[in-house]
Amino acid sequence: MRTPGTDFHTHPLLVREMVERHPELAKAARETYYIGNNFQPLETFHLELNLAGIEKAVVLPMDASTAVGAVVWTNEHIAELCRMSTRFIGFASVDPHREDAPERLRCAIQTLGLRGLKLSPPTQRFFPDDALAYPLYETARDLGVPILFHAGMSWEPGSRLQYGHPMRFESVAAEFPKLRIVLAHLAWPWVLEAVALALKYPNVYLDTSALYFDNPRDFLRFAMTHQVPLTVFERSLRKQLVFGSNYPRVEIKNMAAAIDSLGFSEECLNLVFRYNADALLEASR
Amino acid sequence: MIVKLIRIEVQSHQDLEMIDITVQIERAIAESGVRNGFAWAMSAHTSAGLLVTEGIECLERDVLAHLERLAPKQPPEGTYGYWHNRHLDFDGRLGFNAGDHLKSILGGVNCFFPVENGKMVRGSRQKAYFVEYDGPLARTVLIQVLGEGSANEES
């Protein structure tokens with residue numbers, strides 16, 4: 001029986017109480033994030049976590065003002081949600097194209113109490129190794145907060161896959177060895193490249209929130225036992241892999257059950273579901 | 001003639017779950033003012049349903065287990081797969097819950113009761129259930145009451 005864990009990758013877009021307070025969030029969910037599910041009471045999010053054996057969830061916004069003229073939840077919205085439930089860990093998002101991006105990140109961490117940064121190069125339309133983002137990386141490093149990058153495939157119609165290729169993260173990993181970066185979605189379909197980066201750079205982590213065909217069990221079995229042998233994750237990357245669901249694009253219960261079914265040892269499951277996330281977030285407590 | 005449509009929300013707590021909503025239908029009938037007619041209830045969802053059966057916990061388990069056997073969430077490996085397992089651009093996500101939709105079809109999405117002298121008419125062992133096949137979720141059930149009644153009883 002694994003330890004109750006943390007879901008490192010959720011989007012709180014369907015929380016009804018927030019949409020009722022801020023009606024513009026409904027438009028962001030439908031027209032920018034492209035999610036069609038019904039809005040749900042906060043209780044549903046908690047129940048979903050309970051059912052999956054998950055204690056806490058990282059909740060993510062997205063500021064893509066320059067690229068698509070939209071913000072999917074502001075940092076203030078995330079902070080407001082975190083005040084509604086102790087089970088949420090809020091991350092910030094800033095537009096890397098803005099000159100004041102580092103200052104906005106500093107404010108989100110130090111004033112709003114957020115604990116990490118989410119960036120989505122395919123949606124925000126920048127290459128991770130573009131110098132424009134380096135001041136932001138320096139600030140995140142100095143603040144001691146991790147960056148969760150969208151990597152790999154993105155369904156969003158306005159996004160471009162080329163910005164999410166894992167090899168574009170190598171310079172970031174190499175030039176900022178004290179900055180911890182998490183490549184989301186196993187960077188699928190480029191899982192081998194993402195694994196290569198994580199093997200080489202100890203500051204590179206991967207999250208499991210990948211689902212692009214079939215169902216969570218069969219997809220993750222393909223990605224984590226066929227594309228890359230499970231033993232690579234178990235033996236070499238067990239301290240660099242974190243559980244993420246990508247809720248509500250996928251239910252947390254289904255992703256957790258899929259990871260549980262792969263054949264990891266209990267020790268590895270506890271690292272993936274709990275302790276690796278704790279370590280990533282430790283400096284921002 | 002009174003025709004009244006009432007929407008209720010049912011919060012499921014489990015992946016598969018049967019929730020007794022008999023009292024909510026009785027309340028809707030009372031609120032409608034209908035004395036003689038009928039009440040009809042419908043789930044507004046395609047991965048949930050309504051059905052009528054005996055209201056005991058052991059039978060609830062059997063109903064859910066039987067529907068899961070008939071339409072499993074994940075078919076046994078090496079047998080068959082679901083066409084629904086693909087990206088649905090209108091939903092912004094994959095649809096991998098065909099088994100839950102199929103259970104909804106098998107179990108049905110509505111139930112129907114006569115109303116006599118302002119009361120729901122049902123067998124002594126019959127209960128009306130909302131059935132969750134893909135929870136936990138907050139779900140909507142529509143209850144429509146139609147029939148004769150007196151104006152002063154209408155709310």
# chains A, B, ... in the order shown; residues from 1 in each chain; ligands from 1
>>> residues_around(residues="Glu132 of chain B", least_positions_apart="4", cutoff="9 Å", atoms="only C-alpha atoms", output="PDB file with N, CA and C atoms, in the first residue's frame")
ATOM      1  N   SER B  12     -21.885  12.092  -6.515  1.00  0.00           N
ATOM      2  CA  SER B  12     -21.391  10.733  -6.274  1.00  0.00           C
ATOM      3  C   SER B  12     -20.019  10.816  -5.602  1.00  0.00           C
ATOM      4  N   HIS B  13     -19.681   9.767  -4.870  1.00  0.00           N
ATOM      5  CA  HIS B  13     -18.422   9.748  -4.120  1.00  0.00           C
ATOM      6  C   HIS B  13     -17.472   8.651  -4.602  1.00  0.00           C
ATOM      7  N   GLN B  14     -17.981   7.743  -5.420  1.00  0.00           N
ATOM      8  CA  GLN B  14     -17.185   6.594  -5.849  1.00  0.00           C
ATOM      9  C   GLN B  14     -17.163   6.518  -7.370  1.00  0.00           C
ATOM     10  N   ASP B  15     -16.313   5.651  -7.876  1.00  0.00           N
ATOM     11  CA  ASP B  15     -16.255   5.405  -9.314  1.00  0.00           C
ATOM     12  C   ASP B  15     -17.560   4.770  -9.781  1.00  0.00           C
ATOM     13  N   LEU B  16     -17.960   3.702  -9.116  1.00  0.00           N
ATOM     14  CA  LEU B  16     -19.242   3.027  -9.367  1.00  0.00           C
ATOM     15  C   LEU B  16     -20.063   3.126  -8.089  1.00  0.00           C
ATOM     16  N   GLU B  17     -21.297   3.588  -8.196  1.00  0.00           N
ATOM     17  CA  GLU B  17     -22.055   3.816  -6.968  1.00  0.00           C
ATOM     18  C   GLU B  17     -23.551   3.897  -7.268  1.00  0.00           C
ATOM     19  N   MET B  18     -24.348   3.318  -6.368  1.00  0.00           N
ATOM     20  CA  MET B  18     -25.808   3.462  -6.469  1.00  0.00           C
ATOM     21  C   MET B  18     -26.289   4.366  -5.340  1.00  0.00           C
ATOM     22  N   ILE B  19     -27.048   5.384  -5.698  1.00  0.00           N
ATOM     23  CA  ILE B  19     -27.499   6.383  -4.721  1.00  0.00           C
ATOM     24  C   ILE B  19     -29.027   6.438  -4.755  1.00  0.00           C
ATOM     25  N   SER B  47     -22.891   8.680 -18.922  1.00  0.00           N
ATOM     26  CA  SER B  47     -22.087   7.686 -18.195  1.00  0.00           C
ATOM     27  C   SER B  47     -22.638   7.529 -16.778  1.00  0.00           C
ATOM     28  N   ALA B  48     -23.937   7.710 -16.652  1.00  0.00           N
ATOM     29  CA  ALA B  48     -24.664   7.506 -15.398  1.00  0.00           C
ATOM     30  C   ALA B  48     -26.072   7.101 -15.799  1.00  0.00           C
ATOM     31  N   GLY B  49     -26.864   6.658 -14.848  1.00  0.00           N
ATOM     32  CA  GLY B  49     -28.214   6.245 -15.206  1.00  0.00           C
ATOM     33  C   GLY B  49     -29.151   6.245 -14.025  1.00  0.00           C
ATOM     34  N   LEU B  50     -30.361   5.824 -14.279  1.00  0.00           N
ATOM     35  CA  LEU B  50     -31.357   5.635 -13.226  1.00  0.00           C
ATOM     36  C   LEU B  50     -31.912   4.227 -13.380  1.00  0.00           C
ATOM     37  N   ASP B 100     -18.383   2.692 -19.432  1.00  0.00           N
ATOM     38  CA  ASP B 100     -19.325   3.409 -18.568  1.00  0.00           C
ATOM     39  C   ASP B 100     -20.546   3.872 -19.363  1.00  0.00           C
ATOM     40  N   SER B 104     -24.485   2.562 -18.860  1.00  0.00           N
ATOM     41  CA  SER B 104     -25.615   3.499 -18.807  1.00  0.00           C
ATOM     42  C   SER B 104     -26.729   3.060 -19.750  1.00  0.00           C
ATOM     43  N   PRO B 136     -16.004  10.075  -9.037  1.00  0.00           N
ATOM     44  CA  PRO B 136     -17.011  10.944  -8.418  1.00  0.00           C
ATOM     45  C   PRO B 136     -17.285  12.196  -9.256  1.00  0.00           C
ATOM     46  N   LEU B 137     -18.561  12.540  -9.355  1.00  0.00           N
ATOM     47  CA  LEU B 137     -18.964  13.741 -10.092  1.00  0.00           C
ATOM     48  C   LEU B 137     -20.269  14.288  -9.510  1.00  0.00           C
ATOM     49  N   ARG B 139     -23.772  15.353 -10.463  1.00  0.00           N
ATOM     50  CA  ARG B 139     -24.610  14.994 -11.610  1.00  0.00           C
ATOM     51  C   ARG B 139     -25.989  15.646 -11.505  1.00  0.00           C
TER      52      ARG B 139
END
>>> select_by_dssp(residues="segment 21-81 of chain B", states="alpha helix (DSSP H)", output="PDB file with C-alpha atoms, in the first residue's frame")
ATOM      1  CA  THR B  22     -36.572   7.915  -3.922  1.00  0.00           C
ATOM      2  CA  VAL B  23     -37.024  10.662  -1.326  1.00  0.00           C
ATOM      3  CA  GLN B  24     -36.009  13.365  -3.790  1.00  0.00           C
ATOM      4  CA  ILE B  25     -38.636  12.150  -6.280  1.00  0.00           C
ATOM      5  CA  GLU B  26     -41.271  12.039  -3.530  1.00  0.00           C
ATOM      6  CA  ARG B  27     -40.336  15.584  -2.560  1.00  0.00           C
ATOM      7  CA  ALA B  28     -40.589  16.752  -6.170  1.00  0.00           C
ATOM      8  CA  ILE B  29     -44.077  15.254  -6.404  1.00  0.00           C
ATOM      9  CA  ALA B  30     -45.145  16.993  -3.184  1.00  0.00           C
ATOM     10  CA  GLU B  31     -43.741  20.313  -4.378  1.00  0.00           C
ATOM     11  CA  SER B  32     -45.435  20.018  -7.761  1.00  0.00           C
ATOM     12  CA  GLU B  57     -26.874  -2.967  -0.095  1.00  0.00           C
ATOM     13  CA  CYS B  58     -26.068  -6.506  -1.225  1.00  0.00           C
ATOM     14  CA  LEU B  59     -28.176  -6.097  -4.334  1.00  0.00           C
ATOM     15  CA  GLU B  60     -26.583  -2.730  -5.060  1.00  0.00           C
ATOM     16  CA  ARG B  61     -23.227  -4.508  -5.150  1.00  0.00           C
ATOM     17  CA  ASP B  62     -24.577  -7.227  -7.425  1.00  0.00           C
ATOM     18  CA  VAL B  63     -26.096  -4.753  -9.874  1.00  0.00           C
ATOM     19  CA  LEU B  64     -22.841  -2.830 -10.201  1.00  0.00           C
ATOM     20  CA  ALA B  65     -20.720  -5.960 -10.440  1.00  0.00           C
ATOM     21  CA  HIS B  66     -22.973  -7.446 -13.106  1.00  0.00           C
ATOM     22  CA  LEU B  67     -22.966  -4.315 -15.234  1.00  0.00           C
ATOM     23  CA  GLU B  68     -19.175  -4.120 -14.897  1.00  0.00           C
ATOM     24  CA  ARG B  69     -18.930  -7.718 -16.109  1.00  0.00           C
ATOM     25  CA  LEU B  70     -21.160  -6.957 -19.092  1.00  0.00           C
TER      26      LEU B  70
END
>>> interface_residues(of="chain B", to="chain A", cutoff="6 Å", atoms="only C-alpha atoms", output="list of chain:residue names")
B:Asn85, B:Arg86, B:Asp91, B:Gly92, B:Arg93, B:Phe96, B:Leu137
>>> closest_residue(among="B:Leu51, B:Ile2, B:Ile21, B:Val141", to="Arg35 of chain B", atoms="only C-alpha atoms")
B:Ile2
>>> residues_around(residues="His101 of chain B", least_positions_apart="4", cutoff="7 Å", atoms="only C-alpha atoms", output="list in words")
Thr46, Ser47, Asn97 and Ile105 of chain B
>>> residues_around(residues="segment 56-67 of chain A", least_positions_apart="2", cutoff="7 Å", atoms="only C-alpha atoms", output="JSON, numbers by chain")
{"A": [5, 6, 7, 8, 9, 10, 11, 12, 54, 69, 70, 71, 72, 73, 74, 75, 78, 87, 88, 89, 90, 91, 92, 93, 94, 95, 97, 118, 123, 124, 125]}
>>> residues_around(residues="Val52 of chain B", least_positions_apart="6", cutoff="8 Å", atoms="only C-alpha atoms", output="mmCIF file with N, CA and C atoms, in the first residue's frame")
data_model
loop_
_atom_site.group_PDB
_atom_site.id
_atom_site.type_symbol
_atom_site.label_atom_id
_atom_site.label_comp_id
_atom_site.auth_asym_id
_atom_site.auth_seq_id
_atom_site.Cartn_x
_atom_site.Cartn_y
_atom_site.Cartn_z
ATOM 1 N N CYS B 111 -36.662 6.553 -15.140
ATOM 2 C CA CYS B 111 -37.646 5.715 -14.451
ATOM 3 C C CYS B 111 -38.957 6.494 -14.321
ATOM 4 N N GLN B 126 -39.513 -1.411 -3.943
ATOM 5 C CA GLN B 126 -38.865 -0.663 -5.028
ATOM 6 C C GLN B 126 -38.275 0.652 -4.536
ATOM 7 N N LYS B 127 -37.056 0.897 -4.978
ATOM 8 C CA LYS B 127 -36.394 2.176 -4.733
ATOM 9 C C LYS B 127 -35.898 2.718 -6.074
ATOM 10 N N ALA B 128 -35.899 4.026 -6.178
ATOM 11 C CA ALA B 128 -35.346 4.665 -7.380
ATOM 12 C C ALA B 128 -33.892 5.030 -7.103
ATOM 13 N N TYR B 129 -33.023 4.588 -7.983
ATOM 14 C CA TYR B 129 -31.592 4.824 -7.793
ATOM 15 C C TYR B 129 -31.017 5.694 -8.911
#
>>> select_by_dssp(residues="segment 91-164 of chain A", states="strand (DSSP E)", output="PyMOL selection string")
chain A and resi 117-119+147-149
>>> residues_around(residues="Asp260 of chain A", least_positions_apart="4", cutoff="10 Å", atoms="only C-alpha atoms", output="ChimeraX atom specification")
/A:1-2,217,254-256,264-266,269,273
>>> write_last_selection(atoms="C-alpha atoms", output="CSV table (one decimal), in the first residue's frame")
chain,number,residue,atom,x,y,z
A,1,MET,CA,0.0,0.0,0.0
A,2,ARG,CA,1.7,3.2,-1.1
A,217,ARG,CA,-3.3,1.7,-18.5
A,254,ASN,CA,-7.4,6.4,-13.8
A,255,MET,CA,-3.8,7.7,-14.0
A,256,ALA,CA,-3.0,6.6,-10.5
A,264,PHE,CA,7.0,-0.7,-9.8
A,265,SER,CA,8.2,-1.8,-6.4
A,266,GLU,CA,6.4,-0.2,-3.4
A,269,LEU,CA,5.8,4.0,-6.0
A,273,PHE,CA,3.7,9.4,-5.8
>>> residues_around(residues="segment 158-174 of chain A", least_positions_apart="2", cutoff="6 Å", atoms="only C-alpha atoms", output="PDB file with C-alpha atoms, in the first residue's frame")
ATOM      1  CA  PRO A 121       6.560  26.608 -24.513  1.00  0.00           C
ATOM      2  CA  PRO A 122       4.137  25.209 -27.154  1.00  0.00           C
ATOM      3  CA  THR A 123       1.327  27.482 -25.992  1.00  0.00           C
ATOM      4  CA  PHE A 127      11.880  27.839 -27.306  1.00  0.00           C
ATOM      5  CA  PRO A 128      13.003  26.785 -23.835  1.00  0.00           C
ATOM      6  CA  ASP A 129      16.623  27.523 -24.736  1.00  0.00           C
ATOM      7  CA  ALA A 151       6.993  19.071 -22.972  1.00  0.00           C
ATOM      8  CA  GLY A 152       6.132  16.952 -25.972  1.00  0.00           C
ATOM      9  CA  MET A 153       2.725  16.684 -27.602  1.00  0.00           C
ATOM     10  CA  GLU A 156      -4.226  22.801 -28.047  1.00  0.00           C
ATOM     11  CA  PHE A 176      21.223  26.030 -14.638  1.00  0.00           C
ATOM     12  CA  PRO A 177      22.370  22.971 -12.681  1.00  0.00           C
ATOM     13  CA  ALA A 194      13.467  12.971 -22.266  1.00  0.00           C
TER      14      ALA A 194
END
>>> atom_distance(atom1="atom CA of Thr86 of chain A", atom2="atom CA of Arg21 of chain A")
19.4 Å
>>> atom_distance(atom1="atom CA of Ile181 of chain A", atom2="atom CA of Asn270 of chain A")
20.3 Å
